[in-house]
Protein chains: 2
Amino acid sequence: MPKPVVSESARRRRRPTKNGVVLSEDLIVRTALRMLREHGSAGLTVRRLGLALGADPSTLYRYFAGIDDLTLAIGDLLIGRAMTGWHVTGDWQADLRELGLRIHAAYLEHPQAAVLTASRISGKSHEIAADEAILGLLRGAGFPDREAVRVYHAFIDMTLAFAALDAASLALPEETRTADEEMWQATYARLSPGTHPNIAAVAPLLVADMNDSAYPAALDMLLASAARDCGDNGATGHG
Amino acid sequence: MPKPVVSESARRRRRPTKNGVVLSEDLIVRTALRMLREHGSAGLTVRRLGLALGADPSTLYRYFAGIDDLTLAIGDLLIGRAMTGWHVTGDWQADLRELGLRIHAAYLEHPQAAVLTASRISGKSHEIAADEAILGLLRGAGFPDREAVRVYHAFIDMTLAFAALDAASLALPEETRTADEEMWQATYARLSPGTHPNIAAVAPLLVADMNDSAYPAALDMLLASAARDCGDNGATGHG
DNA sequence: TACGAAACGTCAATGGTGTTGGCATAAGGT
DNA sequence: ACCTTATGCCAACACCATTGACGTTTCGTA
């Protein structure tokens with residue numbers, strides 16, 4: 001074991017760096033988030049992070065066991081942001097929908113960071129709080145336990161999966177991303193009706209739709225299906 | 001431009017390596033797939049690939065412009081494998097379900113490779129063929145164009161998103177992966193009923209379910225919801 | 001059959017990366 | 001005021017992708 005990482009709460013002695021910056025776990029994570037935004041998902045390096053903080057790269061290993069540990073901390077921060085400000089209203093479908101959209105949005109606000117963390121499980125406090133809330137909504141709506149777990153699992157994994165997928169495309173280098181977006185116009189819209197009748201028939205709709213996230217539509221379908229399986233379908237109906 | 005990459009078809013003169021291996025694009029891609037399986041998703045390096053092929057690392061730049069170009073070629077191979085052997089039967093729900101499961105399975109057969117490629121769009125022939133088939137099924141089932149595109153978009157993105165998410169967890173280093181899998185037992189199953197009543201109530205179910213993919217359940221919910229929105233709901237009902 | 005061009009494998013070097021052991025020093029508790 | 005030690009810094013290691021120069025092999029052509 002090279003250097004023991006001292007837990008943030010046990011930290012007492014704060015010595016400023018050469019440049020006068022006083023480090024902290026929170027400052028490092030927030031700086032890392034900023035660097036991810038500015039330099040892309042491959043642009044977070046220990047050396048560059050140290051430079052941005054005015055500290056030697058090796059100093060960061062006093063705060064995080066490695067770069068993987070740092071990315072987990074970043075993910076924890078994103079989850080925390082997703083959960084703040086969300087409250088239960090009593091309409092389980094609307095509440096779940098709102099929570100899903102919030103998580104999705106929180107990740108997409110930092111696509112480069114989301115790419116690194118969306119598929120990792122932290123087991124930390126914010127994640128647990130979200131899980132407890134989701135299960136509470138479903139069980140409160142009358143789902144039997146087995147069914148509640150099934151819906152919960154589909155809901156949370158679908159949300160994280162879409163967050164990762166949509167983040168990945170937002171996090172591509174600018175030129176690659178626009179090339180991907182123009183693919184529908186440049187490739188699909190030009191296919192012959194003879195060889196690809198269905199694509200040709202709906203090409204304008206594809207061009208218009210495919211660059212938006214399918215998550216809201218998929219989420220609504222999941223919730224609608226869950227509501228139908230549940231005797232008590234909660235609130236306002238679906239009109 | 002350092003070295004021009006000669007297209008595979010234009011290749012004429014094949015000189016064996018020091019170790020007697022005759023290189024080819026296909027051999028390199030298949031070797032890369034094997035190395036990804038053996039050394040994990042971060043274990044594909046030009047040096048190691050060269051070593052495995054008995055060739056100097058720099059030689060590979062005669063075949064691929066860079067490591068990104070190589071990963072795209074790997075993705076193309078995976079998509080091709082997903083589509084082979086699938087045929088339309090006439091039951092659009094069953095056909096879509098089968099296709100989704102096939103794509104998901106093809107990626108999960110090479111999780112380390114899937115992580116690198118699942119969120120990239122190729123626009124190549126196999127991808128286009130799949131899109132044409134999906135749209136054909138939906139329009140043939142009676143969905144109006146606008147609705148067909150909506151369902152198509154949700155279906156394909158959800159499938160790729162789950163493929164990427166599930167692949168990511170399979171592709172973790174062995175010890176990290178088992179640690180994640182044991183998280184439900186070690187963390188969630190130990191939460192107090194006082195502070196986390198819902199998690200505590202369903203803990204055994206969570207432990208049993210959370211390590212399987214939620215994709216089949218989510219897929220069924222999506223298809224069920226789509227069928228309900230479609231006047232002609234195709235086949236057997238929902239049992 | 002001999003030649004010349006170029007395909008292509010190899011070597012060596014560049015500038016990047018995460019990570020670590022040793023060292024000096026400043027900050028607290030006492 | 002002292003002593004412990006947390007913590008920042010330095011130098012180094014082993015690895016990475018990529019490239020430019022070089023030599024050798026292979027082929028089309030004469």
# chains A, B, ... in the order shown; residues from 1 in each chain; ligands from 1
>>> calpha_fit_rmsd(fixed="chain B", moving="chain A")
0.7 Å
>>> residues_around(residues="Asp95 (chain B)", least_positions_apart="4", cutoff="12 Å", atoms="only C-alpha atoms (C1' of nucleotides)", output="list in words")
Trp86, His87, Val88, Thr89, Gly90, Asp91, Leu99, Gly100, Leu101, Arg102, Ala130, Ala133, Ile134, Leu135, Gly136, Leu137, Leu138, Ala141, Leu223, Gly234 and Ala235 of chain B
>>> select_by_dssp(residues="chain A", states="helix (DSSP H, G or I)", output="PyMOL selection string")
chain A and resi 8-10+25-39+46-53+57-62+67-83+92-108+111-117+125-140+145-170+174-181+183-186+188-190+197-209+215-229
>>> interface_residues(of="chain C", to="chain B", cutoff="9 Å", atoms="only C-alpha atoms (C1' of nucleotides)", output="compact mmCIF listing (two decimals) with C-alpha atoms (C1' of nucleotides), in the first residue's frame")
# COMPACT_ATOMS: atom_id res chain seq x y z
C1' DA C 7 4.48 -2.35 -49.98
C1' DC C 8 5.30 -3.26 -45.48
C1' DG C 9 7.76 -5.01 -41.36
C1' DT C 10 11.16 -3.11 -37.97
>>> interface_residues(of="chain B", to="chain A", cutoff="8 Å", atoms="only C-alpha atoms", output="PDB file with C-alpha atoms, in the first residue's frame")
ATOM      1  CA  SER B 119     -22.806   3.582 -28.285  1.00  0.00           C
ATOM      2  CA  ARG B 120     -21.209   4.270 -31.651  1.00  0.00           C
ATOM      3  CA  ILE B 121     -23.316   4.580 -34.799  1.00  0.00           C
ATOM      4  CA  GLY B 123     -24.391   3.597 -40.575  1.00  0.00           C
ATOM      5  CA  ILE B 128     -29.339  -0.324 -41.967  1.00  0.00           C
ATOM      6  CA  ASP B 131     -33.549  -0.639 -39.081  1.00  0.00           C
ATOM      7  CA  GLU B 132     -35.393  -1.488 -42.289  1.00  0.00           C
ATOM      8  CA  LEU B 135     -39.727  -0.378 -39.403  1.00  0.00           C
ATOM      9  CA  GLY B 136     -41.193  -2.976 -41.754  1.00  0.00           C
ATOM     10  CA  ARG B 139     -45.679  -0.556 -40.359  1.00  0.00           C
ATOM     11  CA  ASP B 145     -45.775   6.170 -39.731  1.00  0.00           C
ATOM     12  CA  ARG B 146     -45.391   8.658 -36.927  1.00  0.00           C
ATOM     13  CA  VAL B 149     -40.964   5.800 -35.868  1.00  0.00           C
ATOM     14  CA  ARG B 150     -41.641   6.523 -32.217  1.00  0.00           C
ATOM     15  CA  HIS B 153     -36.676   4.745 -31.877  1.00  0.00           C
ATOM     16  CA  ALA B 154     -37.545   3.620 -28.362  1.00  0.00           C
ATOM     17  CA  PHE B 155     -36.943  -0.021 -29.268  1.00  0.00           C
ATOM     18  CA  ASP B 157     -32.119   2.825 -28.437  1.00  0.00           C
ATOM     19  CA  MET B 158     -33.365   0.860 -25.457  1.00  0.00           C
ATOM     20  CA  LEU B 160     -28.418  -0.661 -27.466  1.00  0.00           C
ATOM     21  CA  ALA B 161     -28.546   1.177 -24.148  1.00  0.00           C
ATOM     22  CA  PHE B 162     -29.147  -2.014 -22.190  1.00  0.00           C
ATOM     23  CA  ALA B 164     -23.984  -1.136 -23.256  1.00  0.00           C
ATOM     24  CA  LEU B 165     -25.036  -1.052 -19.610  1.00  0.00           C
ATOM     25  CA  ALA B 168     -20.176  -2.581 -18.872  1.00  0.00           C
ATOM     26  CA  SER B 169     -20.878  -4.525 -15.722  1.00  0.00           C
ATOM     27  CA  ASP B 180     -20.637  -5.089  -7.253  1.00  0.00           C
ATOM     28  CA  MET B 183     -23.319  -5.179  -2.961  1.00  0.00           C
ATOM     29  CA  THR B 187     -25.191  -3.317   1.680  1.00  0.00           C
ATOM     30  CA  TYR B 188     -28.846  -3.319   0.711  1.00  0.00           C
ATOM     31  CA  HIS B 196     -35.258   2.027   4.790  1.00  0.00           C
ATOM     32  CA  PRO B 197     -38.504   0.117   5.211  1.00  0.00           C
ATOM     33  CA  ASN B 198     -39.129  -0.580   1.540  1.00  0.00           C
ATOM     34  CA  ILE B 199     -35.655  -1.845   0.713  1.00  0.00           C
ATOM     35  CA  VAL B 202     -37.955  -6.656  -0.458  1.00  0.00           C
ATOM     36  CA  LEU B 205     -36.023 -10.263  -3.868  1.00  0.00           C
ATOM     37  CA  LEU B 206     -33.436  -7.620  -4.668  1.00  0.00           C
ATOM     38  CA  ASP B 209     -33.056 -10.288  -9.078  1.00  0.00           C
ATOM     39  CA  MET B 210     -30.591  -7.447  -9.374  1.00  0.00           C
ATOM     40  CA  ALA B 214     -33.623  -6.134 -16.679  1.00  0.00           C
ATOM     41  CA  TYR B 215     -33.657  -5.961 -20.459  1.00  0.00           C
ATOM     42  CA  ALA B 217     -38.627  -7.350 -18.655  1.00  0.00           C
ATOM     43  CA  ALA B 218     -38.219  -3.816 -19.970  1.00  0.00           C
ATOM     44  CA  MET B 221     -43.186  -3.801 -21.139  1.00  0.00           C
ATOM     45  CA  LEU B 222     -42.283  -1.698 -24.147  1.00  0.00           C
ATOM     46  CA  ALA B 224     -46.943  -4.556 -24.455  1.00  0.00           C
ATOM     47  CA  SER B 225     -47.430  -0.814 -24.362  1.00  0.00           C
ATOM     48  CA  ALA B 226     -46.846  -0.540 -28.105  1.00  0.00           C
TER      49      ALA B 226
END
>>> closest_residue(among="A:Ala32, A:Gly40, A:Tyr63, A:Val46", to="Leu77 (chain A)", atoms="only C-alpha atoms")
A:Ala32
>>> residues_around(residues="Gly75 (chain B)", least_positions_apart="3", cutoff="9 Å", atoms="only C-alpha atoms (C1' of nucleotides)", output="PDB file with N, CA and C atoms, in the first residue's frame")
ATOM      1  N   LEU B  70      -9.759   0.835 -35.459  1.00  0.00           N
ATOM      2  CA  LEU B  70      -9.821  -0.596 -35.138  1.00  0.00           C
ATOM      3  C   LEU B  70     -11.078  -0.950 -34.350  1.00  0.00           C
ATOM      4  N   THR B  71     -11.434  -0.108 -33.370  1.00  0.00           N
ATOM      5  CA  THR B  71     -12.626  -0.436 -32.578  1.00  0.00           C
ATOM      6  C   THR B  71     -13.895  -0.363 -33.428  1.00  0.00           C
ATOM      7  N   LEU B  72     -13.932   0.563 -34.394  1.00  0.00           N
ATOM      8  CA  LEU B  72     -15.100   0.611 -35.274  1.00  0.00           C
ATOM      9  C   LEU B  72     -15.210  -0.678 -36.079  1.00  0.00           C
ATOM     10  N   LEU B  78     -19.385  -7.236 -34.729  1.00  0.00           N
ATOM     11  CA  LEU B  78     -20.418  -7.640 -33.755  1.00  0.00           C
ATOM     12  C   LEU B  78     -21.820  -7.470 -34.321  1.00  0.00           C
ATOM     13  N   ILE B  79     -22.067  -6.335 -34.978  1.00  0.00           N
ATOM     14  CA  ILE B  79     -23.395  -6.100 -35.553  1.00  0.00           C
ATOM     15  C   ILE B  79     -23.726  -7.171 -36.576  1.00  0.00           C
ATOM     16  N   GLY B  80     -22.749  -7.518 -37.384  1.00  0.00           N
ATOM     17  CA  GLY B  80     -22.970  -8.561 -38.377  1.00  0.00           C
ATOM     18  C   GLY B  80     -23.390  -9.861 -37.731  1.00  0.00           C
ATOM     19  N   ALA B 113     -15.640  -5.811 -25.734  1.00  0.00           N
ATOM     20  CA  ALA B 113     -15.726  -5.126 -27.024  1.00  0.00           C
ATOM     21  C   ALA B 113     -16.980  -4.262 -27.090  1.00  0.00           C
ATOM     22  N   ALA B 114     -18.067  -4.777 -26.535  1.00  0.00           N
ATOM     23  CA  ALA B 114     -19.333  -4.040 -26.573  1.00  0.00           C
ATOM     24  C   ALA B 114     -19.198  -2.685 -25.892  1.00  0.00           C
ATOM     25  N   LEU B 116     -16.781  -0.759 -25.833  1.00  0.00           N
ATOM     26  CA  LEU B 116     -16.101   0.211 -26.690  1.00  0.00           C
ATOM     27  C   LEU B 116     -16.950   0.658 -27.868  1.00  0.00           C
ATOM     28  N   THR B 117     -17.935  -0.169 -28.274  1.00  0.00           N
ATOM     29  CA  THR B 117     -18.595   0.102 -29.548  1.00  0.00           C
ATOM     30  C   THR B 117     -20.105   0.303 -29.480  1.00  0.00           C
ATOM     31  N   ALA B 118     -20.750  -0.107 -28.381  1.00  0.00           N
ATOM     32  CA  ALA B 118     -22.219  -0.149 -28.366  1.00  0.00           C
ATOM     33  C   ALA B 118     -22.849   1.226 -28.563  1.00  0.00           C
ATOM     34  N   ARG B 120     -21.617   3.647 -30.386  1.00  0.00           N
ATOM     35  CA  ARG B 120     -21.209   4.270 -31.651  1.00  0.00           C
ATOM     36  C   ARG B 120     -22.202   3.919 -32.751  1.00  0.00           C
ATOM     37  N   SER B 122     -22.667   3.265 -36.731  1.00  0.00           N
ATOM     38  CA  SER B 122     -21.811   2.985 -37.877  1.00  0.00           C
ATOM     39  C   SER B 122     -22.438   3.426 -39.191  1.00  0.00           C
TER      40      SER B 122
END
>>> interface_residues(of="chain D", to="chain A", cutoff="7 Å", atoms="only C-alpha atoms (C1' of nucleotides)", output="VMD selection string")
chain D and resid 6 to 9
>>> residues_around(residues="DC16 (chain D)", least_positions_apart="4", cutoff="9 Å", atoms="only C-alpha atoms (C1' of nucleotides)", output="PyMOL selection string")
(chain B and resi 45-47) or (chain C and resi 16-17)
>>> atom_distance(atom1="CA of Gly20 (chain B)", atom2="CA of Arg48 (chain B)")
17.5 Å
>>> atom_distance(atom1="CA of Leu36 (chain B)", atom2="CA of Ala73 (chain A)")
27.1 Å
>>> atom_distance(atom1="CA of Val115 (chain B)", atom2="CA of Leu44 (chain B)")
12.3 Å
>>> residues_around(residues="DT18 (chain D)", least_positions_apart="5", cutoff="9 Å", atoms="only C-alpha atoms (C1' of nucleotides)", output="PDB file with N, CA and C atoms (P, O5', C5', C4', C3', O3' and C1' of nucleotides), in the first residue's frame")
ATOM      1  N   SER B  58       4.016  -0.970 -34.514  1.00  0.00           N
ATOM      2  CA  SER B  58       3.821   0.041 -35.561  1.00  0.00           C
ATOM      3  C   SER B  58       3.295  -0.558 -36.855  1.00  0.00           C
ATOM      4  N   TYR B  61      -0.368   0.005 -37.889  1.00  0.00           N
ATOM      5  CA  TYR B  61      -0.780   1.271 -38.487  1.00  0.00           C
ATOM      6  C   TYR B  61      -0.757   1.213 -40.004  1.00  0.00           C
ATOM      7  N   GLY B  66      -5.772   4.137 -36.710  1.00  0.00           N
ATOM      8  CA  GLY B  66      -5.505   4.339 -35.287  1.00  0.00           C
ATOM      9  C   GLY B  66      -6.341   3.366 -34.516  1.00  0.00           C
TER      10      GLY B  66
ATOM     11  P    DT C  14      13.898  11.657 -28.920  1.00  0.00           P
ATOM     12  O5'  DT C  14      12.409  12.215 -28.976  1.00  0.00           O
ATOM     13  C5'  DT C  14      11.736  12.360 -30.242  1.00  0.00           C
ATOM     14  C4'  DT C  14      10.283  12.695 -29.963  1.00  0.00           C
ATOM     15  C3'  DT C  14      10.076  13.397 -28.612  1.00  0.00           C
ATOM     16  O3'  DT C  14       9.204  14.504 -28.774  1.00  0.00           O
ATOM     17  C1'  DT C  14       8.721  11.478 -28.734  1.00  0.00           C
TER      18       DT C  14
END
